[in-house]
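Student: Pasting a structure here, questions to come.
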Number of protein chains: 2
Amino acid sequence: MTLDEAWRILQDKQFKRTKNRETILQFFSQNDRYLTAAEVRSFMELDNPGISFDTIYRNLTTFAELGILEETDLMGERHFRMQCDASVHHHHFICTACGKTRSIPHCPMEMITVNLPDYEVEGHKFEIYGKCPLCVAN
Amino acid sequence: MTLDEAWRILQDKQFKRTKNRETILQFFSQNDRYLTAAEVRSFMELDNPGISFDTIYRNLTTFAELGILEETDLMGERHFRMQCDASVHHHHFICTACGKTRSIPHCPMEMITVNLPDYEVEGHKFEIYGKCPLCVAN
DNA sequence: AAGTGAATCGGAATGATTCCGGTTATGGGT
DNA sequence: ACCCATAACCGGAATCATTCCGATTCACTT
């Protein structure tokens, strides 16, 4: 997702264009991996030393609800990354060393939901963890 | 997994047979779903009103490391359940209303890892969330 | 330029989990 | 059956991520 696409979504929903939101989105657009609220804060403090965690979490949650960011729990911590391509449903390999991700186009759900009659499926999570080629080499 | 199997594993690894461990295992053996440390504590307080969270977490972590319990993060909280059948790799449908689970024998990993050359896969997570037939009806 | 509600701030509160120093109890050896 | 070493436990404080809250500031509408 590009910055322009993100802002279009926000404007459609009447969210205001604030400096904090610009900084957050800029940070995600230039970091192609899952980030924690603390990492976002470190970056934002360069511009805004008094940034509140409340502001960060509020915006991250909003962005995730709007589909601008993807969210997942890793080691009990919330992590966020820019939505890579909402048009094609996919999953991720996540490097446990550097945090970088790689798309996995396959989704196992189709062949499985047929075996769950009477169940009301709300969502699913499929993630593969390990070391990416770069981190394997080091 | 049965209580006997669990105790055999513990004895193999020289863990002591304590009252607390008996209570914890008993609780899991009679609850076929993911439970939180707080739920475990509530149950244990019937016998042992002064039970410490430290004791609960220490044992839950030990059990999970030994493969006696399965662990997952749900809504940012650690949840544990008795390992259902370690001999057959599988995944779970998890009811978001009652917490009960249903085994999903299908694992999507085989057909996917072939597309990850040079990646070192350490693990994966595949869970389906929704309402079980009983909770759909209510 | 003024008004209004959204957004932010800062700091306290919460909730889950872990740490720690002191105490208790299990299981092996006598 | 008793002793001992050490695993296990206890209670409470500490930590960490996250949320709440009352007061202030800011972005957009008119």
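Residues are referred to by chain and number: the chain letter is A, B, ... according to the order shown in the structure tokens, the number counts from 1 in that chain, and ligands are numbered separately from 1 in the order shown.
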Chain A residues within 12 Å of chain D, counting only C-alpha atoms (C1' of nucleotides): which ones, as a PDB file with C-alpha atoms, in the first residue's frame?
Tutor:
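Done, and the output landed in part-v1.pdb:
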ATOM      1  CA  GLN A  11      -9.940  10.991   4.152  1.00  0.00           C
ATOM      2  CA  GLN A  14     -13.047  11.713   7.776  1.00  0.00           C
ATOM      3  CA  PHE A  15      -9.863  11.179   9.693  1.00  0.00           C
ATOM      4  CA  LYS A  16      -7.744  14.280  10.029  1.00  0.00           C
ATOM      5  CA  ARG A  17      -4.350  14.706   8.459  1.00  0.00           C
ATOM      6  CA  THR A  18      -2.090  15.192  11.466  1.00  0.00           C
ATOM      7  CA  LYS A  19       1.647  15.389  11.737  1.00  0.00           C
ATOM      8  CA  ASN A  20       1.740  12.269  13.900  1.00  0.00           C
ATOM      9  CA  THR A  36       6.322  -2.775  17.546  1.00  0.00           C
ATOM     10  CA  ALA A  37       4.790   0.324  19.101  1.00  0.00           C
ATOM     11  CA  ALA A  38       8.130   0.932  20.814  1.00  0.00           C
ATOM     12  CA  SER A  52       2.557   9.695  23.823  1.00  0.00           C
ATOM     13  CA  PHE A  53       2.112   5.940  23.627  1.00  0.00           C
ATOM     14  CA  ASP A  54      -1.581   6.612  23.713  1.00  0.00           C
ATOM     15  CA  THR A  55      -1.323   8.434  20.416  1.00  0.00           C
ATOM     16  CA  ILE A  56       0.726   5.666  18.878  1.00  0.00           C
ATOM     17  CA  TYR A  57      -1.537   2.831  19.923  1.00  0.00           C
ATOM     18  CA  ARG A  58      -4.672   4.743  19.018  1.00  0.00           C
ATOM     19  CA  THR A  61      -5.281   0.383  16.033  1.00  0.00           C
ATOM     20  CA  MET A  75       5.980 -13.280  21.333  1.00  0.00           C
ATOM     21  CA  GLY A  76       3.028 -11.694  23.087  1.00  0.00           C
ATOM     22  CA  GLU A  77       3.612  -8.261  21.559  1.00  0.00           C
ATOM     23  CA  ARG A  78       1.509  -6.491  18.964  1.00  0.00           C
ATOM     24  CA  HIS A  79       3.351  -5.989  15.701  1.00  0.00           C
TER      25      HIS A  79
END
Student: Residues of chain A no more than 12 Å from chain B, counting only C-alpha atoms: send them over as a ChimeraX atom specification.
Tutor: /A:71-79,91-97,101-137
Student: Write out chain A, as a CSV table (one decimal) with N, CA and C atoms, in the first residue's frame, after superposing it onto chain B by least squares using every C-alpha atom paired in order.
Tutor:
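For reference, out_14.csv as written:
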chain,number,residue,atom,x,y,z
A,1,MET,N,-3.6,-36.4,25.3
A,1,MET,CA,-2.6,-36.9,26.2
A,1,MET,C,-3.2,-37.2,27.6
A,2,THR,N,-2.9,-38.4,28.1
A,2,THR,CA,-3.5,-38.8,29.4
A,2,THR,C,-2.6,-38.3,30.5
A,3,LEU,N,-3.2,-38.3,31.7
A,3,LEU,CA,-2.4,-37.9,32.9
A,3,LEU,C,-1.2,-38.8,33.1
A,4,ASP,N,-1.4,-40.1,32.8
A,4,ASP,CA,-0.2,-41.1,33.0
A,4,ASP,C,0.9,-40.7,32.0
A,5,GLU,N,0.5,-40.4,30.8
A,5,GLU,CA,1.6,-40.1,29.8
A,5,GLU,C,2.3,-38.8,30.3
A,6,ALA,N,1.6,-37.8,30.7
A,6,ALA,CA,2.2,-36.6,31.2
A,6,ALA,C,3.2,-36.9,32.3
A,7,TRP,N,2.8,-37.7,33.3
A,7,TRP,CA,3.6,-38.0,34.4
A,7,TRP,C,4.9,-38.8,34.0
A,8,ARG,N,4.7,-39.7,33.0
A,8,ARG,CA,5.8,-40.4,32.6
A,8,ARG,C,6.9,-39.5,32.0
A,9,ILE,N,6.4,-38.5,31.2
A,9,ILE,CA,7.4,-37.5,30.6
A,9,ILE,C,8.1,-36.8,31.7
A,10,LEU,N,7.3,-36.3,32.7
A,10,LEU,CA,7.9,-35.5,33.8
A,10,LEU,C,8.9,-36.4,34.6
A,11,GLN,N,8.6,-37.6,34.9
A,11,GLN,CA,9.5,-38.5,35.6
A,11,GLN,C,10.8,-38.8,34.8
A,12,ASP,N,10.6,-39.0,33.5
A,12,ASP,CA,11.8,-39.2,32.7
A,12,ASP,C,12.8,-38.0,32.8
A,13,LYS,N,12.2,-36.8,32.9
A,13,LYS,CA,13.1,-35.6,33.0
A,13,LYS,C,13.4,-35.2,34.4
A,14,GLN,N,13.1,-36.1,35.4
A,14,GLN,CA,13.4,-35.8,36.8
A,14,GLN,C,12.6,-34.7,37.5
A,15,PHE,N,11.4,-34.4,36.9
A,15,PHE,CA,10.6,-33.4,37.6
A,15,PHE,C,9.9,-34.1,38.8
A,16,LYS,N,9.7,-33.3,39.8
A,16,LYS,CA,9.1,-33.9,41.0
A,16,LYS,C,7.6,-33.9,40.9
A,17,ARG,N,7.0,-34.8,41.6
A,17,ARG,CA,5.6,-35.0,41.6
A,17,ARG,C,5.0,-34.1,42.8
A,18,THR,N,4.6,-32.9,42.5
A,18,THR,CA,4.1,-32.0,43.5
A,18,THR,C,2.6,-31.9,43.4
A,19,LYS,N,2.0,-31.5,44.5
A,19,LYS,CA,0.5,-31.3,44.6
A,19,LYS,C,0.1,-30.3,43.5
A,20,ASN,N,0.8,-29.2,43.4
A,20,ASN,CA,0.5,-28.2,42.4
A,20,ASN,C,0.4,-28.8,41.0
A,21,ARG,N,1.4,-29.5,40.6
A,21,ARG,CA,1.5,-30.1,39.3
A,21,ARG,C,0.3,-31.0,39.1
A,22,GLU,N,0.0,-31.8,40.1
A,22,GLU,CA,-1.2,-32.7,40.0
A,22,GLU,C,-2.4,-31.9,39.7
A,23,THR,N,-2.6,-30.8,40.5
A,23,THR,CA,-3.8,-30.0,40.3
A,23,THR,C,-3.9,-29.4,38.9
A,24,ILE,N,-2.8,-28.9,38.4
A,24,ILE,CA,-2.8,-28.3,37.1
A,24,ILE,C,-3.1,-29.3,36.0
A,25,LEU,N,-2.5,-30.4,36.1
A,25,LEU,CA,-2.7,-31.4,35.0
A,25,LEU,C,-4.1,-32.0,35.1
A,26,GLN,N,-4.6,-32.1,36.3
A,26,GLN,CA,-6.0,-32.6,36.4
A,26,GLN,C,-7.0,-31.6,35.8
A,27,PHE,N,-6.7,-30.3,36.0
A,27,PHE,CA,-7.6,-29.3,35.4
A,27,PHE,C,-7.6,-29.3,33.9
A,28,PHE,N,-6.4,-29.5,33.3
A,28,PHE,CA,-6.3,-29.5,31.9
A,28,PHE,C,-6.9,-30.8,31.3
A,29,SER,N,-6.7,-31.9,32.0
A,29,SER,CA,-7.3,-33.1,31.5
A,29,SER,C,-8.8,-33.2,31.5
A,30,GLN,N,-9.4,-32.3,32.3
A,30,GLN,CA,-10.9,-32.3,32.2
A,30,GLN,C,-11.4,-31.1,31.5
A,31,ASN,N,-10.6,-30.3,30.9
A,31,ASN,CA,-11.0,-29.1,30.1
A,31,ASN,C,-10.4,-29.1,28.7
A,32,ASP,N,-11.2,-29.5,27.8
A,32,ASP,CA,-10.7,-29.6,26.4
A,32,ASP,C,-10.7,-28.3,25.6
A,33,ARG,N,-10.0,-27.3,26.2
A,33,ARG,CA,-9.9,-26.1,25.5
A,33,ARG,C,-8.7,-25.3,25.9
A,34,TYR,N,-8.5,-24.1,25.3
A,34,TYR,CA,-7.4,-23.3,25.7
A,34,TYR,C,-7.7,-22.5,26.9
A,35,LEU,N,-6.9,-22.5,27.9
A,35,LEU,CA,-7.1,-21.8,29.2
A,35,LEU,C,-6.0,-20.8,29.5
A,36,THR,N,-6.4,-19.8,30.2
A,36,THR,CA,-5.4,-18.8,30.7
A,36,THR,C,-4.8,-19.1,32.0
A,37,ALA,N,-3.7,-18.5,32.4
A,37,ALA,CA,-3.1,-18.7,33.7
A,37,ALA,C,-4.1,-18.3,34.8
A,38,ALA,N,-4.9,-17.3,34.5
A,38,ALA,CA,-5.9,-16.8,35.5
A,38,ALA,C,-7.0,-17.9,35.7
A,39,GLU,N,-7.4,-18.6,34.7
A,39,GLU,CA,-8.4,-19.7,34.9
A,39,GLU,C,-7.8,-20.8,35.6
A,40,VAL,N,-6.6,-21.1,35.4
A,40,VAL,CA,-5.9,-22.2,36.1
A,40,VAL,C,-5.8,-21.8,37.6
A,41,ARG,N,-5.5,-20.6,37.8
A,41,ARG,CA,-5.4,-20.1,39.2
A,41,ARG,C,-6.7,-20.2,40.0
A,42,SER,N,-7.8,-19.8,39.3
A,42,SER,CA,-9.1,-19.9,39.9
A,42,SER,C,-9.4,-21.3,40.4
A,43,PHE,N,-9.1,-22.2,39.6
A,43,PHE,CA,-9.3,-23.6,39.9
A,43,PHE,C,-8.4,-24.1,41.1
A,44,MET,N,-7.1,-23.7,41.0
A,44,MET,CA,-6.2,-24.1,42.0
A,44,MET,C,-6.5,-23.5,43.4
A,45,GLU,N,-7.1,-22.4,43.4
A,45,GLU,CA,-7.3,-21.7,44.7
A,45,GLU,C,-8.3,-22.5,45.5
A,46,LEU,N,-9.1,-23.3,44.9
A,46,LEU,CA,-10.1,-24.2,45.7
A,46,LEU,C,-9.3,-25.0,46.7
A,47,ASP,N,-8.2,-25.6,46.2
A,47,ASP,CA,-7.4,-26.4,47.1
A,47,ASP,C,-6.3,-25.6,47.9
A,48,ASN,N,-5.7,-24.6,47.1
A,48,ASN,CA,-4.6,-23.9,47.6
A,48,ASN,C,-4.8,-22.4,47.5
A,49,PRO,N,-5.4,-21.8,48.5
A,49,PRO,CA,-5.8,-20.4,48.4
A,49,PRO,C,-4.6,-19.5,48.2
A,50,GLY,N,-3.4,-19.9,48.5
A,50,GLY,CA,-2.2,-19.0,48.4
A,50,GLY,C,-1.4,-19.2,47.2
A,51,ILE,N,-1.9,-20.0,46.2
A,51,ILE,CA,-1.1,-20.3,45.0
A,51,ILE,C,-0.6,-19.1,44.4
A,52,SER,N,0.7,-19.1,44.0
A,52,SER,CA,1.4,-18.0,43.4
A,52,SER,C,1.3,-18.1,41.9
A,53,PHE,N,1.2,-16.9,41.2
A,53,PHE,CA,1.2,-16.9,39.8
A,53,PHE,C,2.6,-17.4,39.3
A,54,ASP,N,3.6,-17.1,40.0
A,54,ASP,CA,4.9,-17.6,39.6
A,54,ASP,C,4.9,-19.1,39.5
A,55,THR,N,4.3,-19.8,40.4
A,55,THR,CA,4.2,-21.3,40.3
A,55,THR,C,3.4,-21.7,39.1
A,56,ILE,N,2.3,-21.0,38.8
A,56,ILE,CA,1.5,-21.4,37.7
A,56,ILE,C,2.3,-21.2,36.4
A,57,TYR,N,2.8,-20.0,36.2
A,57,TYR,CA,3.5,-19.8,34.9
A,57,TYR,C,4.7,-20.7,34.8
A,58,ARG,N,5.4,-20.9,35.9
A,58,ARG,CA,6.6,-21.7,35.8
A,58,ARG,C,6.2,-23.1,35.3
A,59,ASN,N,5.2,-23.7,35.8
A,59,ASN,CA,4.8,-25.0,35.5
A,59,ASN,C,4.1,-25.0,34.1
A,60,LEU,N,3.3,-24.1,33.7
A,60,LEU,CA,2.8,-24.0,32.4
A,60,LEU,C,3.8,-24.0,31.3
A,61,THR,N,4.8,-23.1,31.6
A,61,THR,CA,6.0,-23.0,30.6
A,61,THR,C,6.7,-24.3,30.5
A,62,THR,N,7.0,-25.0,31.7
A,62,THR,CA,7.7,-26.3,31.7
A,62,THR,C,6.9,-27.3,30.9
A,63,PHE,N,5.6,-27.4,31.2
A,63,PHE,CA,4.7,-28.3,30.5
A,63,PHE,C,4.7,-28.1,29.0
A,64,ALA,N,4.7,-26.9,28.6
A,64,ALA,CA,4.6,-26.5,27.1
A,64,ALA,C,5.9,-26.9,26.5
A,65,GLU,N,7.0,-26.7,27.2
A,65,GLU,CA,8.4,-27.1,26.6
A,65,GLU,C,8.5,-28.6,26.5
A,66,LEU,N,7.9,-29.3,27.4
A,66,LEU,CA,7.9,-30.8,27.3
A,66,LEU,C,6.9,-31.4,26.4
A,67,GLY,N,6.1,-30.5,25.8
A,67,GLY,CA,5.1,-31.1,24.9
A,67,GLY,C,3.9,-31.6,25.5
A,68,ILE,N,3.7,-31.4,26.9
A,68,ILE,CA,2.5,-31.9,27.6
A,68,ILE,C,1.4,-31.0,27.3
A,69,LEU,N,1.7,-29.7,27.2
A,69,LEU,CA,0.6,-28.7,26.9
A,69,LEU,C,1.0,-28.1,25.5
A,70,GLU,N,-0.1,-27.6,24.8
A,70,GLU,CA,0.1,-26.7,23.7
A,70,GLU,C,-0.1,-25.3,24.1
A,71,GLU,N,0.6,-24.4,23.5
A,71,GLU,CA,0.5,-23.0,23.9
A,71,GLU,C,0.2,-22.1,22.6
A,72,THR,N,-0.6,-21.1,22.8
A,72,THR,CA,-0.9,-20.1,21.8
A,72,THR,C,-1.2,-18.8,22.4
A,73,ASP,N,-1.0,-17.7,21.6
A,73,ASP,CA,-1.4,-16.4,22.0
A,73,ASP,C,-2.8,-16.1,21.4
A,74,LEU,N,-3.7,-15.7,22.3
A,74,LEU,CA,-5.0,-15.3,21.8
A,74,LEU,C,-5.3,-14.0,22.4
A,75,MET,N,-5.6,-13.0,21.6
A,75,MET,CA,-5.8,-11.6,22.1
A,75,MET,C,-4.7,-11.1,23.0
A,76,GLY,N,-3.5,-11.5,22.7
A,76,GLY,CA,-2.4,-11.0,23.5
A,76,GLY,C,-2.2,-11.7,24.8
A,77,GLU,N,-2.9,-12.8,25.1
A,77,GLU,CA,-2.7,-13.5,26.3
A,77,GLU,C,-2.3,-15.0,26.0
A,78,ARG,N,-1.4,-15.5,26.9
A,78,ARG,CA,-1.0,-16.9,26.7
A,78,ARG,C,-2.1,-17.8,27.0
A,79,HIS,N,-2.4,-18.8,26.2
A,79,HIS,CA,-3.4,-19.8,26.5
A,79,HIS,C,-2.8,-21.2,26.3
A,80,PHE,N,-3.2,-22.1,27.2
A,80,PHE,CA,-2.7,-23.5,27.1
A,80,PHE,C,-3.8,-24.5,27.1
A,81,ARG,N,-3.5,-25.6,26.5
A,81,ARG,CA,-4.4,-26.7,26.5
A,81,ARG,C,-3.6,-28.0,26.5
A,82,MET,N,-4.3,-29.1,26.9
A,82,MET,CA,-3.6,-30.4,26.9
A,82,MET,C,-3.2,-30.7,25.4
A,83,GLN,N,-2.0,-31.2,25.2
A,83,GLN,CA,-1.6,-31.7,23.9
A,83,GLN,C,-2.6,-32.8,23.6
A,84,CYS,N,-3.3,-32.7,22.4
A,84,CYS,CA,-4.3,-33.7,22.1
A,84,CYS,C,-3.7,-35.0,21.6
A,85,ASP,N,-2.9,-34.9,20.6
A,85,ASP,CA,-2.3,-36.1,20.0
A,85,ASP,C,-1.0,-35.7,19.3
A,86,ALA,N,0.1,-35.9,20.0
A,86,ALA,CA,1.4,-35.5,19.5
A,86,ALA,C,1.8,-36.3,18.3
A,87,SER,N,1.2,-37.5,18.2
A,87,SER,CA,1.7,-38.4,17.1
A,87,SER,C,1.2,-37.9,15.7
A,88,VAL,N,0.1,-37.2,15.7
A,88,VAL,CA,-0.3,-36.7,14.4
A,88,VAL,C,-0.3,-35.2,14.4
A,89,HIS,N,0.5,-34.6,13.6
A,89,HIS,CA,0.6,-33.2,13.5
A,89,HIS,C,-0.7,-32.6,13.0
A,90,HIS,N,-1.2,-31.6,13.7
A,90,HIS,CA,-2.5,-31.0,13.3
A,90,HIS,C,-2.6,-29.6,13.8
A,91,HIS,N,-3.8,-29.0,13.5
A,91,HIS,CA,-4.0,-27.6,13.9
A,91,HIS,C,-5.4,-27.5,14.5
A,92,HIS,N,-5.9,-26.3,14.8
A,92,HIS,CA,-7.1,-26.2,15.5
A,92,HIS,C,-8.0,-25.1,15.0
A,93,PHE,N,-9.3,-25.4,15.0
A,93,PHE,CA,-10.3,-24.4,15.0
A,93,PHE,C,-10.6,-24.0,16.4
A,94,ILE,N,-10.6,-22.7,16.7
A,94,ILE,CA,-10.8,-22.2,18.1
A,94,ILE,C,-12.1,-21.4,18.1
A,95,CYS,N,-13.0,-21.8,19.0
A,95,CYS,CA,-14.3,-21.0,19.1
A,95,CYS,C,-14.0,-19.8,19.9
A,96,THR,N,-14.3,-18.6,19.3
A,96,THR,CA,-14.1,-17.4,20.0
A,96,THR,C,-15.1,-17.1,21.1
A,97,ALA,N,-16.1,-17.9,21.2
A,97,ALA,CA,-17.1,-17.7,22.2
A,97,ALA,C,-16.9,-18.5,23.4
A,98,CYS,N,-16.7,-19.8,23.2
A,98,CYS,CA,-16.5,-20.7,24.4
A,98,CYS,C,-15.1,-21.2,24.5
A,99,GLY,N,-14.3,-21.0,23.6
A,99,GLY,CA,-12.9,-21.4,23.7
A,99,GLY,C,-12.6,-22.9,23.3
A,100,LYS,N,-13.7,-23.6,23.0
A,100,LYS,CA,-13.5,-25.0,22.7
A,100,LYS,C,-12.8,-25.1,21.3
A,101,THR,N,-12.1,-26.2,21.1
A,101,THR,CA,-11.3,-26.4,19.9
A,101,THR,C,-11.8,-27.7,19.1
A,102,ARG,N,-11.4,-27.7,17.9
A,102,ARG,CA,-11.7,-28.9,17.1
A,102,ARG,C,-10.4,-29.1,16.2
A,103,SER,N,-10.0,-30.3,16.1
A,103,SER,CA,-8.8,-30.6,15.4
A,103,SER,C,-9.0,-30.4,13.9
A,104,ILE,N,-7.9,-30.0,13.3
A,104,ILE,CA,-7.9,-29.9,11.8
A,104,ILE,C,-6.7,-30.7,11.3
A,105,PRO,N,-7.0,-31.8,10.8
A,105,PRO,CA,-5.9,-32.7,10.5
A,105,PRO,C,-5.0,-32.2,9.4
A,106,HIS,N,-5.5,-31.3,8.5
A,106,HIS,CA,-4.7,-30.9,7.4
A,106,HIS,C,-3.6,-29.9,7.8
A,107,CYS,N,-2.4,-30.0,7.3
A,107,CYS,CA,-1.4,-29.0,7.6
A,107,CYS,C,-0.9,-28.5,6.2
A,108,PRO,N,-0.9,-27.2,6.1
A,108,PRO,CA,-0.6,-26.7,4.8
A,108,PRO,C,0.9,-26.5,4.5
A,109,MET,N,1.7,-27.0,5.4
A,109,MET,CA,3.1,-26.7,5.3
A,109,MET,C,3.8,-27.4,4.1
A,110,GLU,N,3.5,-28.7,3.9
A,110,GLU,CA,4.2,-29.5,2.9
A,110,GLU,C,4.3,-28.8,1.6
A,111,MET,N,3.1,-28.3,1.2
A,111,MET,CA,3.0,-27.7,-0.2
A,111,MET,C,3.6,-26.3,-0.3
A,112,ILE,N,4.0,-25.8,0.9
A,112,ILE,CA,4.5,-24.4,0.9
A,112,ILE,C,6.0,-24.3,1.0
A,113,THR,N,6.6,-25.2,1.9
A,113,THR,CA,8.0,-25.0,2.1
A,113,THR,C,8.8,-25.2,0.9
A,114,VAL,N,8.3,-25.9,-0.1
A,114,VAL,CA,9.1,-26.1,-1.3
A,114,VAL,C,9.3,-24.8,-2.0
A,115,ASN,N,8.5,-23.8,-1.7
A,115,ASN,CA,8.6,-22.5,-2.3
A,115,ASN,C,9.5,-21.5,-1.5
A,116,LEU,N,10.2,-22.1,-0.5
A,116,LEU,CA,11.0,-21.3,0.4
A,116,LEU,C,12.5,-21.8,0.4
A,117,PRO,N,13.1,-21.9,-0.7
A,117,PRO,CA,14.5,-22.4,-0.7
A,117,PRO,C,15.3,-21.3,0.0
A,118,ASP,N,16.4,-21.8,0.7
A,118,ASP,CA,17.3,-20.9,1.4
A,118,ASP,C,16.7,-20.3,2.6
A,119,TYR,N,15.4,-20.5,2.9
A,119,TYR,CA,14.8,-20.1,4.1
A,119,TYR,C,15.0,-21.2,5.1
A,120,GLU,N,15.2,-20.9,6.4
A,120,GLU,CA,15.3,-21.9,7.4
A,120,GLU,C,14.1,-21.9,8.3
A,121,VAL,N,13.2,-22.8,8.0
A,121,VAL,CA,11.9,-22.8,8.7
A,121,VAL,C,12.0,-23.3,10.1
A,122,GLU,N,11.5,-22.6,11.1
A,122,GLU,CA,11.6,-23.0,12.5
A,122,GLU,C,10.3,-23.5,13.0
A,123,GLY,N,9.2,-22.9,12.5
A,123,GLY,CA,7.9,-23.3,13.0
A,123,GLY,C,6.8,-22.6,12.2
A,124,HIS,N,5.6,-22.9,12.6
A,124,HIS,CA,4.5,-22.2,11.9
A,124,HIS,C,3.3,-22.2,12.8
A,125,LYS,N,2.3,-21.4,12.5
A,125,LYS,CA,1.1,-21.3,13.2
A,125,LYS,C,-0.1,-21.3,12.3
A,126,PHE,N,-1.0,-22.1,12.5
A,126,PHE,CA,-2.2,-22.1,11.6
A,126,PHE,C,-3.4,-22.3,12.5
A,127,GLU,N,-4.3,-21.3,12.6
A,127,GLU,CA,-5.4,-21.4,13.5
A,127,GLU,C,-6.6,-20.8,12.8
A,128,ILE,N,-7.8,-21.4,13.0
A,128,ILE,CA,-9.0,-20.9,12.4
A,128,ILE,C,-9.9,-20.4,13.6
A,129,TYR,N,-10.4,-19.2,13.5
A,129,TYR,CA,-11.2,-18.7,14.6
A,129,TYR,C,-12.7,-18.5,14.1
A,130,GLY,N,-13.6,-18.7,15.0
A,130,GLY,CA,-15.0,-18.5,14.7
A,130,GLY,C,-15.9,-19.1,15.8
A,131,LYS,N,-17.1,-19.4,15.4
A,131,LYS,CA,-18.1,-20.0,16.4
A,131,LYS,C,-18.3,-21.4,16.1
A,132,CYS,N,-18.3,-22.2,17.1
A,132,CYS,CA,-18.6,-23.7,17.0
A,132,CYS,C,-20.1,-23.8,16.8
A,133,PRO,N,-20.6,-25.0,16.3
A,133,PRO,CA,-22.0,-25.2,16.1
A,133,PRO,C,-22.9,-24.8,17.3
A,134,LEU,N,-22.4,-25.2,18.5
A,134,LEU,CA,-23.2,-25.0,19.7
A,134,LEU,C,-23.3,-23.5,20.0
A,135,CYS,N,-22.3,-22.7,19.8
A,135,CYS,CA,-22.3,-21.3,20.0
A,135,CYS,C,-23.1,-20.5,18.9
A,136,VAL,N,-23.0,-21.1,17.7
A,136,VAL,CA,-23.8,-20.5,16.6
A,136,VAL,C,-25.3,-20.5,16.9
A,137,ALA,N,-25.7,-21.6,17.5
A,137,ALA,CA,-27.1,-21.8,17.9
A,137,ALA,C,-27.6,-20.9,19.0
A,138,ASN,N,-26.6,-20.3,19.7
A,138,ASN,CA,-27.0,-19.4,20.8
A,138,ASN,C,-26.7,-18.0,20.6
Student: Kindly determine which residues of chain C lie within 8 Å of chain A, considering only C-alpha atoms (C1' of nucleotides), and give the answer as a ChimeraX atom specification.
Tutor: /C:6,8-10
Student: Filtering to N, CA and C atoms (P, O5', C5', C4', C3', O3' and C1' of nucleotides), could you give me those residues as a CSV table (one decimal), in the first residue's frame?
Tutor:
chain,number,residue,atom,x,y,z
C,6,DA,P,-15.7,13.9,17.3
C,6,DA,O5',-14.3,13.6,16.6
C,6,DA,C5',-14.0,14.2,15.3
C,6,DA,C4',-12.6,14.4,15.1
C,6,DA,C3',-11.7,13.2,15.5
C,6,DA,O3',-10.6,13.1,14.6
C,6,DA,C1',-11.1,15.1,16.8
C,8,DT,P,-3.2,12.3,16.7
C,8,DT,O5',-2.8,13.1,18.0
C,8,DT,C5',-2.5,14.4,17.9
C,8,DT,C4',-2.1,15.0,19.3
C,8,DT,C3',-1.0,14.1,20.0
C,8,DT,O3',0.1,14.9,20.3
C,8,DT,C1',-2.9,14.7,21.4
C,9,DC,P,1.4,14.3,20.9
C,9,DC,O5',1.2,14.7,22.4
C,9,DC,C5',0.9,16.0,22.8
C,9,DC,C4',0.8,16.2,24.3
C,9,DC,C3',1.8,15.4,25.1
C,9,DC,O3',2.4,16.2,26.0
C,9,DC,C1',-0.5,14.9,25.8
C,10,DG,P,3.9,15.9,26.5
C,10,DG,O5',3.6,15.4,28.0
C,10,DG,C5',2.8,16.2,28.9
C,10,DG,C4',2.4,15.4,30.1
C,10,DG,C3',3.4,14.4,30.6
C,10,DG,O3',3.4,14.4,32.0
C,10,DG,C1',1.4,13.3,30.1
Student: Where in region 12-131 of chain B does DSSP assign helix (DSSP H, G or I), given as number ranges by chain?
Tutor: B: 12, 19-29, 37-47, 53-65, 110-113
Student: Can you spit out the residues from that selection as an mmCIF file, in the first residue's frame, using C-alpha atoms?
Tutor:
data_model
loop_
_atom_site.group_PDB
_atom_site.id
_atom_site.type_symbol
_atom_site.label_atom_id
_atom_site.label_comp_id
_atom_site.auth_asym_id
_atom_site.auth_seq_id
_atom_site.Cartn_x
_atom_site.Cartn_y
_atom_site.Cartn_z
ATOM 1 C CA ASP B 12 11.785 -39.134 32.663
ATOM 2 C CA LYS B 19 0.487 -31.341 44.553
ATOM 3 C CA ASN B 20 0.410 -28.221 42.418
ATOM 4 C CA ARG B 21 1.447 -30.093 39.298
ATOM 5 C CA GLU B 22 -1.183 -32.702 39.967
ATOM 6 C CA THR B 23 -3.874 -30.063 40.275
ATOM 7 C CA ILE B 24 -2.792 -28.264 37.112
ATOM 8 C CA LEU B 25 -2.691 -31.423 35.029
ATOM 9 C CA GLN B 26 -5.997 -32.584 36.391
ATOM 10 C CA PHE B 27 -7.587 -29.286 35.414
ATOM 11 C CA PHE B 28 -6.289 -29.500 31.863
ATOM 12 C CA SER B 29 -7.240 -33.139 31.481
ATOM 13 C CA ALA B 37 -3.183 -18.691 33.741
ATOM 14 C CA ALA B 38 -5.972 -16.857 35.576
ATOM 15 C CA GLU B 39 -8.430 -19.687 34.893
ATOM 16 C CA VAL B 40 -5.916 -22.205 36.148
ATOM 17 C CA ARG B 41 -5.425 -20.116 39.251
ATOM 18 C CA SER B 42 -9.148 -19.924 39.979
ATOM 19 C CA PHE B 43 -9.330 -23.681 39.933
ATOM 20 C CA MET B 44 -6.231 -24.165 42.051
ATOM 21 C CA GLU B 45 -7.400 -21.764 44.717
ATOM 22 C CA LEU B 46 -10.102 -24.242 45.692
ATOM 23 C CA ASP B 47 -7.391 -26.492 47.093
ATOM 24 C CA PHE B 53 1.165 -16.923 39.839
ATOM 25 C CA ASP B 54 4.860 -17.601 39.715
ATOM 26 C CA THR B 55 4.185 -21.260 40.367
ATOM 27 C CA ILE B 56 1.479 -21.405 37.742
ATOM 28 C CA TYR B 57 3.469 -19.734 35.004
ATOM 29 C CA ARG B 58 6.605 -21.701 35.810
ATOM 30 C CA ASN B 59 4.753 -24.975 35.492
ATOM 31 C CA LEU B 60 2.737 -24.007 32.441
ATOM 32 C CA THR B 61 5.934 -22.982 30.702
ATOM 33 C CA THR B 62 7.655 -26.203 31.698
ATOM 34 C CA PHE B 63 4.735 -28.307 30.504
ATOM 35 C CA ALA B 64 4.627 -26.483 27.190
ATOM 36 C CA GLU B 65 8.367 -26.999 26.685
ATOM 37 C CA GLU B 110 4.283 -29.515 2.844
ATOM 38 C CA MET B 111 3.043 -27.817 -0.282
ATOM 39 C CA ILE B 112 4.449 -24.481 0.793
ATOM 40 C CA THR B 113 7.969 -25.065 2.058
#
